[in-house]
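Visitor: Contents of data-v6.pdb (PDB, C-alpha atoms) are below:
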```
ATOM      1  CA  MET D   1       0.000   0.000   0.000
ATOM      2  CA  TYR D   2       1.222   3.519  -0.772
ATOM      3  CA  PRO D   3       2.334   4.899   1.558
ATOM      4  CA  VAL D   4       2.559   2.054   4.071
ATOM      5  CA  LEU D   5       2.698   4.320   7.099
ATOM      6  CA  ILE D   6       1.784   7.953   7.644
ATOM      7  CA  ALA D   7       3.827   9.949  10.128
ATOM      8  CA  LEU D   8       1.904  11.480  12.996
ATOM      9  CA  ALA D   9       2.972  14.887  11.771
ATOM     10  CA  ALA D  10       1.711  14.245   8.240
ATOM     11  CA  THR D  11      -0.320  16.988   6.627
ATOM     12  CA  LEU D  12      -3.952  16.557   5.701
ATOM     13  CA  GLY D  13      -2.741  16.430   2.106
ATOM     14  CA  ASP D  14      -0.571  13.396   2.879
ATOM     15  CA  LYS D  15      -3.543  11.662   4.447
ATOM     16  CA  ILE D  16      -5.710  12.393   1.411
ATOM     17  CA  ASP D  17      -2.936  10.981  -0.804
ATOM     18  CA  SER D  18      -2.985   7.748   1.154
ATOM     19  CA  ALA D  19      -6.755   7.425   1.593
ATOM     20  CA  PHE D  20      -7.642   8.066  -2.052
ATOM     21  CA  TYR D  21      -4.565   6.655  -3.789
ATOM     22  CA  GLY D  22      -6.475   3.754  -5.355
ATOM     23  CA  PHE D  23      -9.308   5.978  -6.567
ATOM     24  CA  ASP D  24      -6.979   8.621  -8.012
ATOM     25  CA  VAL D  25      -4.860   6.025  -9.815
ATOM     26  CA  ALA D  26      -7.932   4.333 -11.311
ATOM     27  CA  ILE D  27      -9.127   7.662 -12.760
ATOM     28  CA  TYR D  28      -5.630   8.494 -14.030
ATOM     29  CA  LYS D  29      -5.546   5.215 -15.935
ATOM     30  CA  ILE D  30      -8.820   6.098 -17.679
ATOM     31  CA  PHE D  31      -7.528   9.498 -18.757
ATOM     32  CA  GLY D  32      -4.098   8.109 -19.633
ATOM     33  CA  ALA D  33      -5.702   5.604 -22.001
ATOM     34  CA  MET D  34      -7.511   8.475 -23.750
ATOM     35  CA  GLN D  35      -4.397  10.467 -24.562
ATOM     36  CA  ASN D  36      -3.814  11.621 -28.119
ATOM     37  CA  GLY D  37      -2.880  14.865 -29.837
ATOM     38  CA  PHE D  38      -6.471  16.010 -30.337
ATOM     39  CA  PHE D  39      -7.544  15.545 -26.704
ATOM     40  CA  THR D  40      -4.332  17.185 -25.492
ATOM     41  CA  ALA D  41      -5.067  20.270 -27.590
ATOM     42  CA  ILE D  42      -8.684  20.365 -26.407
ATOM     43  CA  SER D  43      -7.579  20.026 -22.779
ATOM     44  CA  LYS D  44      -5.228  22.984 -23.113
ATOM     45  CA  VAL D  45      -8.097  25.035 -24.543
ATOM     46  CA  PHE D  46     -10.522  24.286 -21.719
ATOM     47  CA  THR D  47      -7.966  24.527 -18.914
ATOM     48  CA  SER D  48      -7.545  28.183 -19.912
ATOM     49  CA  PHE D  49     -11.067  28.953 -18.674
ATOM     50  CA  GLY D  50      -9.895  28.344 -15.111
ATOM     51  CA  ASP D  51      -6.634  30.266 -15.348
ATOM     52  CA  GLU D  52      -6.187  33.495 -13.389
ATOM     53  CA  ASN D  53      -5.457  35.294 -16.673
ATOM     54  CA  PHE D  54      -9.074  34.588 -17.602
ATOM     55  CA  VAL D  55     -10.747  34.744 -14.197
ATOM     56  CA  ILE D  56      -9.294  38.077 -13.039
ATOM     57  CA  PRO D  57     -10.461  39.946 -16.177
ATOM     58  CA  LEU D  58     -13.785  38.117 -15.796
ATOM     59  CA  ALA D  59     -14.147  39.612 -12.318
ATOM     60  CA  VAL D  60     -13.357  43.046 -13.762
ATOM     61  CA  LEU D  61     -16.053  42.479 -16.389
ATOM     62  CA  GLY D  62     -18.413  41.577 -13.548
ATOM     63  CA  VAL D  63     -17.708  44.909 -11.845
ATOM     64  CA  ILE D  64     -18.494  46.735 -15.098
ATOM     65  CA  LEU D  65     -21.762  44.813 -15.498
ATOM     66  CA  CYS D  66     -22.761  45.925 -11.991
ATOM     67  CA  LEU D  67     -22.870  49.510 -13.260
ATOM     68  CA  PHE D  68     -25.708  48.783 -15.698
ATOM     69  CA  LYS D  69     -29.202  48.122 -14.386
ATOM     70  CA  LYS D  70     -29.975  45.441 -16.982
ATOM     71  CA  THR D  71     -26.843  43.413 -16.239
ATOM     72  CA  ARG D  72     -26.433  44.198 -12.533
ATOM     73  CA  LYS D  73     -27.597  40.763 -11.406
ATOM     74  CA  TYR D  74     -25.014  39.040 -13.638
ATOM     75  CA  GLY D  75     -22.234  41.364 -12.535
ATOM     76  CA  PHE D  76     -22.792  40.947  -8.813
ATOM     77  CA  ALA D  77     -23.213  37.176  -9.198
ATOM     78  CA  LEU D  78     -19.829  36.950 -10.929
ATOM     79  CA  VAL D  79     -18.044  39.219  -8.459
ATOM     80  CA  PHE D  80     -19.438  37.502  -5.362
ATOM     81  CA  ALA D  81     -18.882  33.982  -6.718
ATOM     82  CA  ILE D  82     -15.288  34.638  -7.781
ATOM     83  CA  ALA D  83     -14.455  36.408  -4.514
ATOM     84  CA  ILE D  84     -15.909  33.613  -2.369
ATOM     85  CA  GLY D  85     -14.348  30.785  -4.380
ATOM     86  CA  THR D  86     -10.937  32.451  -4.459
ATOM     87  CA  LEU D  87     -10.902  33.152  -0.721
ATOM     88  CA  VAL D  88     -12.033  29.650   0.220
ATOM     89  CA  THR D  89      -9.618  27.900  -2.145
ATOM     90  CA  ASN D  90      -6.468  30.006  -1.948
ATOM     91  CA  VAL D  91      -6.698  31.589   1.502
ATOM     92  CA  VAL D  92      -8.366  28.848   3.545
ATOM     93  CA  VAL D  93      -8.277  25.339   2.077
ATOM     94  CA  LYS D  94      -4.965  25.109   0.178
ATOM     95  CA  PRO D  95      -2.870  26.433   3.093
ATOM     96  CA  MET D  96      -4.792  24.168   5.469
ATOM     97  CA  VAL D  97      -4.545  20.937   3.444
ATOM     98  CA  LEU D  98      -1.010  21.426   2.030
ATOM     99  CA  ARG D  99      -1.364  18.769  -0.647
ATOM    100  CA  ILE D 100       1.640  18.531  -2.963
ATOM    101  CA  ARG D 101       1.189  18.168  -6.743
ATOM    102  CA  PRO D 102       0.942  14.610  -8.117
ATOM    103  CA  TYR D 103       3.977  14.967 -10.405
ATOM    104  CA  ASN D 104       5.953  15.365  -7.165
ATOM    105  CA  THR D 105       4.356  13.017  -4.659
ATOM    106  CA  LEU D 106       3.905  10.125  -7.081
ATOM    107  CA  GLN D 107       7.630   9.891  -7.837
ATOM    108  CA  ASN D 108       8.027   7.069  -5.316
ATOM    109  CA  ALA D 109       4.679   5.413  -6.027
ATOM    110  CA  PRO D 110       4.102   2.214  -8.057
ATOM    111  CA  ILE D 111       2.164   4.211 -10.665
ATOM    112  CA  TRP D 112       5.079   6.576 -11.374
ATOM    113  CA  ASP D 113       6.357   4.908 -14.561
ATOM    114  CA  GLU D 114       2.914   5.087 -16.173
ATOM    115  CA  TYR D 115       1.990   8.463 -14.733
ATOM    116  CA  SER D 116       5.255  10.127 -15.817
ATOM    117  CA  LYS D 117       4.666   9.000 -19.419
ATOM    118  CA  TRP D 118       1.141  10.431 -19.355
ATOM    119  CA  TYR D 119       2.394  13.642 -17.750
ATOM    120  CA  GLN D 120       5.070  14.150 -20.406
ATOM    121  CA  ALA D 121       2.680  13.239 -23.226
ATOM    122  CA  ALA D 122       0.184  15.838 -22.001
ATOM    123  CA  GLY D 123       2.826  18.581 -22.149
ATOM    124  CA  ALA D 124       4.394  18.416 -18.671
ATOM    125  CA  LEU D 125       2.620  21.534 -17.436
ATOM    126  CA  SER D 126       3.358  22.657 -13.892
ATOM    127  CA  GLU D 127       2.053  24.965 -11.193
ATOM    128  CA  SER D 128       3.843  26.612  -8.289
ATOM    129  CA  ASP D 129       1.434  26.164  -5.391
ATOM    130  CA  TYR D 130      -0.496  23.476  -3.550
ATOM    131  CA  SER D 131      -2.843  21.042  -5.225
ATOM    132  CA  PHE D 132      -6.090  20.701  -3.221
ATOM    133  CA  PRO D 133      -8.584  21.864  -4.233
ATOM    134  CA  SER D 134      -8.084  22.598  -7.904
ATOM    135  CA  GLY D 135      -8.134  26.365  -8.336
ATOM    136  CA  HIS D 136      -8.920  26.090 -12.050
ATOM    137  CA  THR D 137     -11.910  23.856 -11.324
ATOM    138  CA  THR D 138     -13.120  26.141  -8.557
ATOM    139  CA  ALA D 139     -12.860  29.160 -10.847
ATOM    140  CA  ALA D 140     -14.671  27.433 -13.701
ATOM    141  CA  PHE D 141     -17.573  26.264 -11.541
ATOM    142  CA  GLU D 142     -17.990  29.419  -9.478
ATOM    143  CA  ALA D 143     -18.492  31.482 -12.636
ATOM    144  CA  ALA D 144     -20.430  28.783 -14.499
ATOM    145  CA  ILE D 145     -22.964  28.098 -11.757
ATOM    146  CA  ALA D 146     -23.506  31.789 -11.047
ATOM    147  CA  MET D 147     -24.123  32.517 -14.735
ATOM    148  CA  ALA D 148     -26.269  29.414 -15.256
ATOM    149  CA  LEU D 149     -28.562  30.416 -12.402
ATOM    150  CA  CYS D 150     -28.800  33.993 -13.686
ATOM    151  CA  PHE D 151     -29.731  32.898 -17.203
ATOM    152  CA  ARG D 152     -32.238  30.340 -15.918
ATOM    153  CA  SER D 153     -33.885  32.987 -13.754
ATOM    154  CA  ASP D 154     -34.354  35.065 -16.924
ATOM    155  CA  GLY D 155     -35.938  32.124 -18.750
ATOM    156  CA  LYS D 156     -32.878  31.370 -20.897
ATOM    157  CA  LYS D 157     -32.493  27.725 -19.948
ATOM    158  CA  GLY D 158     -30.873  26.728 -23.245
ATOM    159  CA  ILE D 159     -27.994  29.157 -22.792
ATOM    160  CA  SER D 160     -27.640  28.327 -19.101
ATOM    161  CA  TRP D 161     -26.366  24.797 -19.825
ATOM    162  CA  ILE D 162     -23.375  26.061 -21.806
ATOM    163  CA  PHE D 163     -21.572  27.270 -18.683
ATOM    164  CA  PRO D 164     -21.644  24.042 -16.626
ATOM    165  CA  ILE D 165     -20.539  22.069 -19.700
ATOM    166  CA  ILE D 166     -17.487  24.316 -20.073
ATOM    167  CA  ALA D 167     -16.789  23.940 -16.338
ATOM    168  CA  VAL D 168     -16.975  20.132 -16.506
ATOM    169  CA  LEU D 169     -14.566  20.085 -19.449
ATOM    170  CA  THR D 170     -12.225  22.426 -17.567
ATOM    171  CA  MET D 171     -12.361  20.068 -14.587
ATOM    172  CA  CYS D 172     -11.560  17.053 -16.771
ATOM    173  CA  SER D 173      -8.710  18.915 -18.464
ATOM    174  CA  ARG D 174      -6.877  19.255 -15.151
ATOM    175  CA  ILE D 175      -6.865  15.485 -14.704
ATOM    176  CA  TYR D 176      -5.999  14.822 -18.342
ATOM    177  CA  LEU D 177      -3.018  17.198 -18.119
ATOM    178  CA  MET D 178      -1.939  15.325 -14.954
ATOM    179  CA  VAL D 179      -1.424  18.494 -12.896
ATOM    180  CA  HIS D 180      -4.121  17.593 -10.347
ATOM    181  CA  TYR D 181      -5.326  14.497  -8.585
ATOM    182  CA  PRO D 182      -8.925  13.552  -9.466
ATOM    183  CA  THR D 183      -9.828  14.230  -5.831
ATOM    184  CA  ASP D 184      -8.437  17.767  -6.244
ATOM    185  CA  VAL D 185     -10.919  18.574  -8.987
ATOM    186  CA  ILE D 186     -13.771  17.022  -7.014
ATOM    187  CA  GLY D 187     -12.879  19.403  -4.188
ATOM    188  CA  GLY D 188     -12.780  22.292  -6.651
ATOM    189  CA  PHE D 189     -16.164  21.247  -8.025
ATOM    190  CA  PHE D 190     -17.784  21.439  -4.580
ATOM    191  CA  VAL D 191     -16.134  24.732  -3.622
ATOM    192  CA  GLY D 192     -16.887  26.328  -6.996
ATOM    193  CA  THR D 193     -20.495  25.133  -7.061
ATOM    194  CA  CYS D 194     -21.164  26.412  -3.543
ATOM    195  CA  ALA D 195     -19.483  29.741  -4.374
ATOM    196  CA  GLY D 196     -21.601  30.080  -7.522
ATOM    197  CA  VAL D 197     -24.863  29.366  -5.696
ATOM    198  CA  ILE D 198     -24.025  31.728  -2.836
ATOM    199  CA  GLY D 199     -22.879  34.381  -5.306
ATOM    200  CA  TYR D 200     -26.170  34.151  -7.189
ATOM    201  CA  PHE D 201     -28.357  34.528  -4.095
ATOM    202  CA  LEU D 202     -26.203  37.359  -2.731
ATOM    203  CA  SER D 203     -26.597  39.066  -6.091
ATOM    204  CA  LYS D 204     -30.379  38.770  -5.895
ATOM    205  CA  ALA D 205     -30.365  40.245  -2.405
ATOM    206  CA  VAL D 206     -28.132  43.153  -3.408
ATOM    207  CA  CYS D 207     -30.210  43.875  -6.514
ATOM    208  CA  LYS D 208     -33.357  44.048  -4.361
ATOM    209  CA  LEU D 209     -31.527  46.468  -2.076
ATOM    210  CA  PHE D 210     -30.670  48.623  -5.089
ATOM    211  CA  GLU D 211     -34.309  48.616  -6.199
ATOM    212  CA  LYS D 212     -35.486  49.895  -2.811
ATOM    213  CA  THR D 213     -32.933  52.692  -2.533
ATOM    214  CA  LYS D 214     -31.467  55.508  -4.561
ATOM    215  CA  LEU D 215     -28.721  53.122  -5.639
ATOM    216  CA  ASP D 216     -31.116  51.989  -8.345
ATOM    217  CA  LYS D 217     -30.303  55.220 -10.182
ATOM    218  CA  ILE D 218     -26.803  53.949 -10.864
ATOM    219  CA  ASP D 219     -27.030  53.017 -14.521
ATOM    220  CA  LEU D 220     -24.359  53.924 -17.076
ATOM    221  CA  GLU D 221     -26.850  53.267 -19.860
ATOM    222  CA  LYS D 222     -28.365  56.656 -19.054
ATOM    223  CA  ILE D 223     -25.361  58.357 -20.648
ATOM    224  CA  SER D 224     -27.051  57.541 -23.944
ATOM    225  CA  LYS D 225     -30.483  59.090 -24.474
ATOM    226  CA  LYS D 226     -31.484  56.302 -26.852
ATOM    227  CA  GLY D 227     -30.030  53.563 -24.688
ATOM    228  CA  PHE D 228     -27.767  50.787 -25.910
ATOM    229  CA  ASN D 229     -28.551  48.373 -28.682
ATOM    230  CA  PRO D 230     -28.892  44.910 -27.013
ATOM    231  CA  LYS D 231     -27.229  43.183 -29.976
ATOM    232  CA  ALA D 232     -24.316  45.613 -29.855
ATOM    233  CA  VAL D 233     -23.918  45.094 -26.112
ATOM    234  CA  THR D 234     -23.960  41.312 -26.571
ATOM    235  CA  ALA D 235     -21.347  41.611 -29.327
ATOM    236  CA  VAL D 236     -19.088  43.757 -27.129
ATOM    237  CA  ILE D 237     -19.336  41.278 -24.243
ATOM    238  CA  CYS D 238     -18.557  38.358 -26.574
ATOM    239  CA  ILE D 239     -15.531  40.187 -27.987
ATOM    240  CA  ALA D 240     -14.356  40.927 -24.443
ATOM    241  CA  LEU D 241     -14.714  37.259 -23.480
ATOM    242  CA  VAL D 242     -12.745  36.162 -26.553
ATOM    243  CA  ALA D 243     -10.008  38.664 -25.716
ATOM    244  CA  MET D 244      -9.921  37.401 -22.124
ATOM    245  CA  PHE D 245      -9.672  33.823 -23.319
ATOM    246  CA  CYS D 246      -6.794  34.688 -25.656
ATOM    247  CA  ASN D 247      -5.082  36.449 -22.749
ATOM    248  CA  SER D 248      -5.214  33.119 -20.900
ATOM    249  CA  PHE D 249      -4.709  30.640 -23.723
ATOM    250  CA  ILE D 250      -1.889  32.197 -25.773
ATOM    251  CA  PRO D 251       0.643  32.408 -22.885
ATOM    252  CA  ALA D 252      -0.255  28.815 -21.953
ATOM    253  CA  LEU D 253       1.011  27.628 -25.336
ATOM    254  CA  SER D 254       4.596  28.244 -24.197
ATOM    255  CA  GLU D 255       4.167  26.403 -20.878
ATOM    256  CA  GLY D 256       5.274  22.854 -20.310
ATOM    257  CA  GLY D 257       8.390  20.756 -20.545
ATOM    258  CA  ASP D 258      10.799  23.659 -21.102
ATOM    259  CA  ALA D 259       9.523  25.689 -18.151
ATOM    260  CA  LYS D 260      11.957  26.660 -15.403
ATOM    261  CA  ARG D 261      11.417  24.192 -12.553
ATOM    262  CA  CYS D 262      11.853  24.630  -8.833
ATOM    263  CA  GLU D 263      15.426  23.748  -7.797
ATOM    264  CA  TYR D 264      14.373  22.007  -4.601
ATOM    265  CA  ALA D 265      15.723  18.455  -4.456
ATOM    266  CA  GLY D 266      14.773  16.468  -1.397
ATOM    267  CA  THR D 267      14.818  12.918  -0.140
ATOM    268  CA  ASP D 268      11.076  12.579  -0.773
ATOM    269  CA  TYR D 269      10.958  14.048  -4.286
ATOM    270  CA  ASP D 270      12.667  16.425  -6.703
ATOM    271  CA  CYS D 271      10.251  19.302  -7.140
ATOM    272  CA  GLN D 272       8.809  19.707 -10.631
ATOM    273  CA  ASN D 273       6.740  22.781  -9.742
ATOM    274  CA  GLU D 274       7.107  25.906 -11.819
ATOM    275  CA  ALA D 275       9.815  28.179 -10.372
ATOM    276  CA  ARG D 276       9.073  31.842  -9.714
ATOM    277  CA  VAL D 277      11.620  33.478 -12.006
ATOM    278  CA  ASP D 278      10.008  36.824 -12.860
ATOM    279  CA  ASP D 279       8.407  37.555  -9.524
ATOM    280  CA  ASP D 280       9.961  40.156  -7.211
ATOM    281  CA  LYS D 281       8.042  38.671  -4.275
ATOM    282  CA  TYR D 282       9.744  35.280  -4.706
ATOM    283  CA  TYR D 283      13.292  36.317  -5.472
ATOM    284  CA  PRO D 284      16.109  33.730  -5.930
ATOM    285  CA  LEU D 285      17.766  32.388  -2.777
ATOM    286  CA  ASP D 286      21.267  31.196  -1.946
ATOM    287  CA  THR D 287      20.206  28.309   0.267
ATOM    288  CA  ASP D 288      23.516  26.435   0.536
ATOM    289  CA  GLY D 289      25.869  29.413   0.886
ATOM    290  CA  ASP D 290      27.838  28.695  -2.280
ATOM    291  CA  GLY D 291      27.128  32.120  -3.761
ATOM    292  CA  GLN D 292      24.793  30.687  -6.400
ATOM    293  CA  LYS D 293      21.187  31.806  -6.155
ATOM    294  CA  GLU D 294      18.465  29.317  -7.018
ATOM    295  CA  TYR D 295      14.837  29.657  -8.067
ATOM    296  CA  TYR D 296      12.022  27.940  -6.185
ATOM    297  CA  CYS D 297       8.279  27.486  -6.441
ATOM    298  CA  LYS D 298       6.019  29.307  -3.972
ATOM    299  CA  ILE D 299       5.879  26.293  -1.666
ATOM    300  CA  HIS D 300       9.622  25.750  -1.248
ATOM    301  CA  TRP D 301      10.477  29.442  -1.352
ATOM    302  CA  LYS D 302       8.309  29.939   1.749
ATOM    303  CA  GLN D 303       9.715  26.817   3.414
ATOM    304  CA  LEU D 304      13.311  27.931   2.820
ATOM    305  CA  ASN D 305      12.665  31.560   3.707
ATOM    306  CA  PRO D 306      10.145  31.302   6.596
ATOM    307  CA  GLN D 307      10.897  34.759   7.983
ATOM    308  CA  LYS D 308       9.103  36.169   4.945
TER     309      LYS D 308
END
```
Kindly transcribe the structure held in the file into structure tokens.

Guide:
Amino acid sequence: MYPVLIALAATLGDKIDSAFYGFDVAIYKIFGAMQNGFFTAISKVFTSFGDENFVIPLAVLGVILCLFKKTRKYGFALVFAIAIGTLVTNVVVKPMVLRIRPYNTLQNAPIWDEYSKWYQAAGALSESDYSFPSGHTTAAFEAAIAMALCFRSDGKKGISWIFPIIAVLTMCSRIYLMVHYPTDVIGGFFVGTCAGVIGYFLSKAVCKLFEKTKLDKIDLEKISKKGFNPKAVTAVICIALVAMFCNSFIPALSEGGDAKRCEYAGTDYDCQNEARVDDDKYYPLDTDGDGQKEYYCKIHWKQLNPQK
């Protein structure tokens, strides 16, 4: 059994690794058997919908939508959902669970030979932080559920299904690319779904508050005496979404096997996380006193430089 024993001081992430090892490996084998060039390309497309380069501009778009009476419900739903999901995932759960990425922790596992081939075949992408829950999955579902509920409330049930489908494909892409355990994306699914639902109901409450107060007068559409053409507005939003997607997808094309990796090498694993090379916050460290500075991922940078 992997691992045979868990130290008393083991993190919650270590315990999840052990408890769900069989389940995670079984799912990996399904996705590994599916690998081909087409599915790899599709996975890289859909994983971009959960990237911060897409989600942060999406939150900005949400703020803009809040300023128009007709789209206020959608804007607040997006802003609340993204804020809640981000806080829960990145501020609360990841630092609490401390689960290391599978391309690190599986190095000493029986599945490593198979997994490493799948990981390389999928492009050998890497991240620089903890693994549980999947931030990309959380981001995809928080926005998707919030938007689906908004569209359904306006009687647009056909459109509402598009968002959860994209979120599910984003979730699957994280497993296919081998950068998350299947249990990571399940965690992201639950966090994102809850954030989306809460965001939607908070949006409804805030919109009712606006309607009962002078805040309801906040409407940028009033700058135009004739109002805005709905088709033109829809076209502008679609163009903005395409631009946001390109902002996420195009940089991702250069990620993968040639990326600068964390220079941490330990007895448990040699870190394959992405190193922070262009980040003033995570500057290079001379950890062994030989005068040579080395680059580390966020996890090992903080471990080696705890005073920061």

Visitor: For Ile198 of chain D, which residue among D:Ala26, D:Leu149, D:Cys262, D:Val45 is the nearest when counting all atoms listed in the file?

Guide: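 Once distances to Ile198 of chain D are computed over all atoms listed in the file, the minimum belongs to D:Leu149.
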
Visitor: Which residues would end up in the selection if the PyMOL selection byres ((chain D and resi 240) around 12) were applied here, given that I need the answer as a ChimeraX atom specification?

Guide: /D:54,57-58,60-62,64,233-239,241-247

Visitor: Spell out the residues picked by the PyMOL selection byres ((chain D and resi 51) around 9) here, as a PyMOL selection string.

Guide: chain D and resi 47-50+52-56+135-136+139-140+248-249

Visitor: Here's the selection I'm unsure about, the PyMOL selection byres ((chain D and resi 77-80) around 6); applied to the file above, which residues does it give, as a VMD selection string?

Guide: chain D and resid 59 62 74 to 76 81 to 83 143 146 199 to 200 203

Visitor: Considering all atoms listed in the file, can you say which of D:Phe210, D:Asp258, D:Glu274, D:Asp279 comes closest to Glu127 of chain D?

Guide: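 Nearest candidate to Glu127 of chain D out of D:Phe210, D:Asp258, D:Glu274, D:Asp279: D:Glu274.
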
Visitor: Can you work out the spacing between atom CA of Asn104 of chain D and atom CA of Ile299 of chain D in Å, to one decimal?

Guide: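 We find that atom CA of Asn104 of chain D and atom CA of Ile299 of chain D lie 12.2 Å from each other.
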
Visitor: Which residues are close to segment 180-183 of chain D, i.e. within 6 Å by only C-alpha atoms, leaving aside same-chain residues fewer than 4 positions away? Reply as an MDAnalysis selection string.

Guide: chainID D and resid 24 174:175

Visitor: What does the distance between atom CA of Pro164 of chain D and atom CA of Ala148 of chain D come to in Å, to one decimal place?

Guide: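 So the answer is 7.2 Å.
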
Visitor: In terms of the shortest atom-to-atom distance over all atoms listed in the file, which of D:Val63, D:Lys260, D:Lys15, D:Arg72 is closest to Val206 of chain D?

Guide: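 Of all the options, D:Arg72 lies closest to Val206 of chain D.
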
Visitor: With distances taken over all atoms listed in the file, which of D:Asp113, D:Arg261, D:Asp184, D:Phe141 is nearest to Phe20 of chain D?

Guide: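 Under the stated criterion, the closest residue is D:Asp184.
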
Visitor: Nearest residue to Met178 of chain D out of D:Cys150, D:Val25, D:Ala259, D:Cys194, using all atoms listed in the file?

Guide: D:Val25

Visitor: By how many Å are atom CA of Ala195 of chain D and atom CA of Thr137 of chain D apart?

Guide: 11.8 Å

Visitor: Between D:Phe132, D:Tyr283, D:Tyr115, D:Tyr176, single out the one closest to Ile100 of chain D, counting all atoms listed in the file.

Guide: D:Phe132

Visitor: Tell me which protein, DNA and RNA residues are within 12 Å of Tyr130 of chain D, counting all atoms listed in the file, leaving out same-chain ones fewer than 4 positions away, and put them as a VMD selection string.

Guide: chain D and resid 13 to 14 89 to 105 126 134 to 135 179 to 181 184 273 to 274 297 to 300

Visitor: List the spatial neighbours of Asn305 of chain D as an NGL selection string - criterion: any atom at most 12 Å away, only C-alpha atoms, same-chain residues fewer than 2 positions off excluded.

Guide: :D and (281-287 or 296-303 or 307-308)

Visitor: Box for segment 33-47 of chain D: with edges along x, y and z, all listed atoms inside and 5 Å added on each side, what are the centre and edge lengths in Å to one decimal, as lines of an AutoDock Vina configuration file?

Guide:
```
center_x = -6.7
center_y = 15.3
center_z = -24.6
size_x = 17.6
size_y = 29.4
size_z = 21.4
```

Visitor: Missing atoms in segment 39-52 of chain D: fill them in up to N, CA, C and O atoms and send the result as a CSV table (one decimal), in the frame of the given file.

Guide:
```csv
chain,number,residue,atom,x,y,z
D,39,PHE,N,-7.1,15.3,-28.1
D,39,PHE,CA,-7.5,15.5,-26.7
D,39,PHE,C,-6.6,16.4,-25.9
D,39,PHE,O,-7.0,17.2,-25.0
D,40,THR,N,-5.3,16.3,-26.2
D,40,THR,CA,-4.3,17.2,-25.5
D,40,THR,C,-4.6,18.6,-25.9
D,40,THR,O,-4.6,19.5,-25.0
D,41,ALA,N,-4.8,18.9,-27.1
D,41,ALA,CA,-5.1,20.3,-27.6
D,41,ALA,C,-6.4,20.8,-27.0
D,41,ALA,O,-6.4,21.9,-26.5
D,42,ILE,N,-7.4,20.0,-27.0
D,42,ILE,CA,-8.7,20.4,-26.4
D,42,ILE,C,-8.6,20.7,-24.9
D,42,ILE,O,-9.1,21.6,-24.4
D,43,SER,N,-7.8,19.8,-24.2
D,43,SER,CA,-7.6,20.0,-22.8
D,43,SER,C,-6.9,21.4,-22.5
D,43,SER,O,-7.2,22.1,-21.5
D,44,LYS,N,-5.9,21.7,-23.3
D,44,LYS,CA,-5.2,23.0,-23.1
D,44,LYS,C,-6.1,24.2,-23.4
D,44,LYS,O,-6.0,25.3,-22.8
D,45,VAL,N,-7.1,24.0,-24.3
D,45,VAL,CA,-8.1,25.0,-24.5
D,45,VAL,C,-9.0,25.2,-23.3
D,45,VAL,O,-9.1,26.4,-22.8
D,46,PHE,N,-9.6,24.2,-22.8
D,46,PHE,CA,-10.5,24.3,-21.7
D,46,PHE,C,-9.9,24.6,-20.4
D,46,PHE,O,-10.5,25.2,-19.5
D,47,THR,N,-8.6,24.2,-20.2
D,47,THR,CA,-8.0,24.5,-18.9
D,47,THR,C,-7.8,26.0,-18.8
D,47,THR,O,-7.7,26.6,-17.7
D,48,SER,N,-7.7,26.7,-19.9
D,48,SER,CA,-7.5,28.2,-19.9
D,48,SER,C,-8.7,28.9,-19.3
D,48,SER,O,-8.6,30.0,-18.8
D,49,PHE,N,-9.9,28.3,-19.3
D,49,PHE,CA,-11.1,29.0,-18.7
D,49,PHE,C,-11.0,29.0,-17.1
D,49,PHE,O,-11.7,29.8,-16.5
D,50,GLY,N,-10.1,28.3,-16.6
D,50,GLY,CA,-9.9,28.3,-15.1
D,50,GLY,C,-8.7,29.1,-14.7
D,50,GLY,O,-8.4,29.2,-13.5
D,51,ASP,N,-7.9,29.6,-15.7
D,51,ASP,CA,-6.6,30.3,-15.3
D,51,ASP,C,-6.9,31.7,-14.8
D,51,ASP,O,-7.9,32.3,-15.2
D,52,GLU,N,-6.0,32.2,-14.0
D,52,GLU,CA,-6.2,33.5,-13.4
D,52,GLU,C,-6.2,34.6,-14.5
D,52,GLU,O,-6.8,35.6,-14.3
```
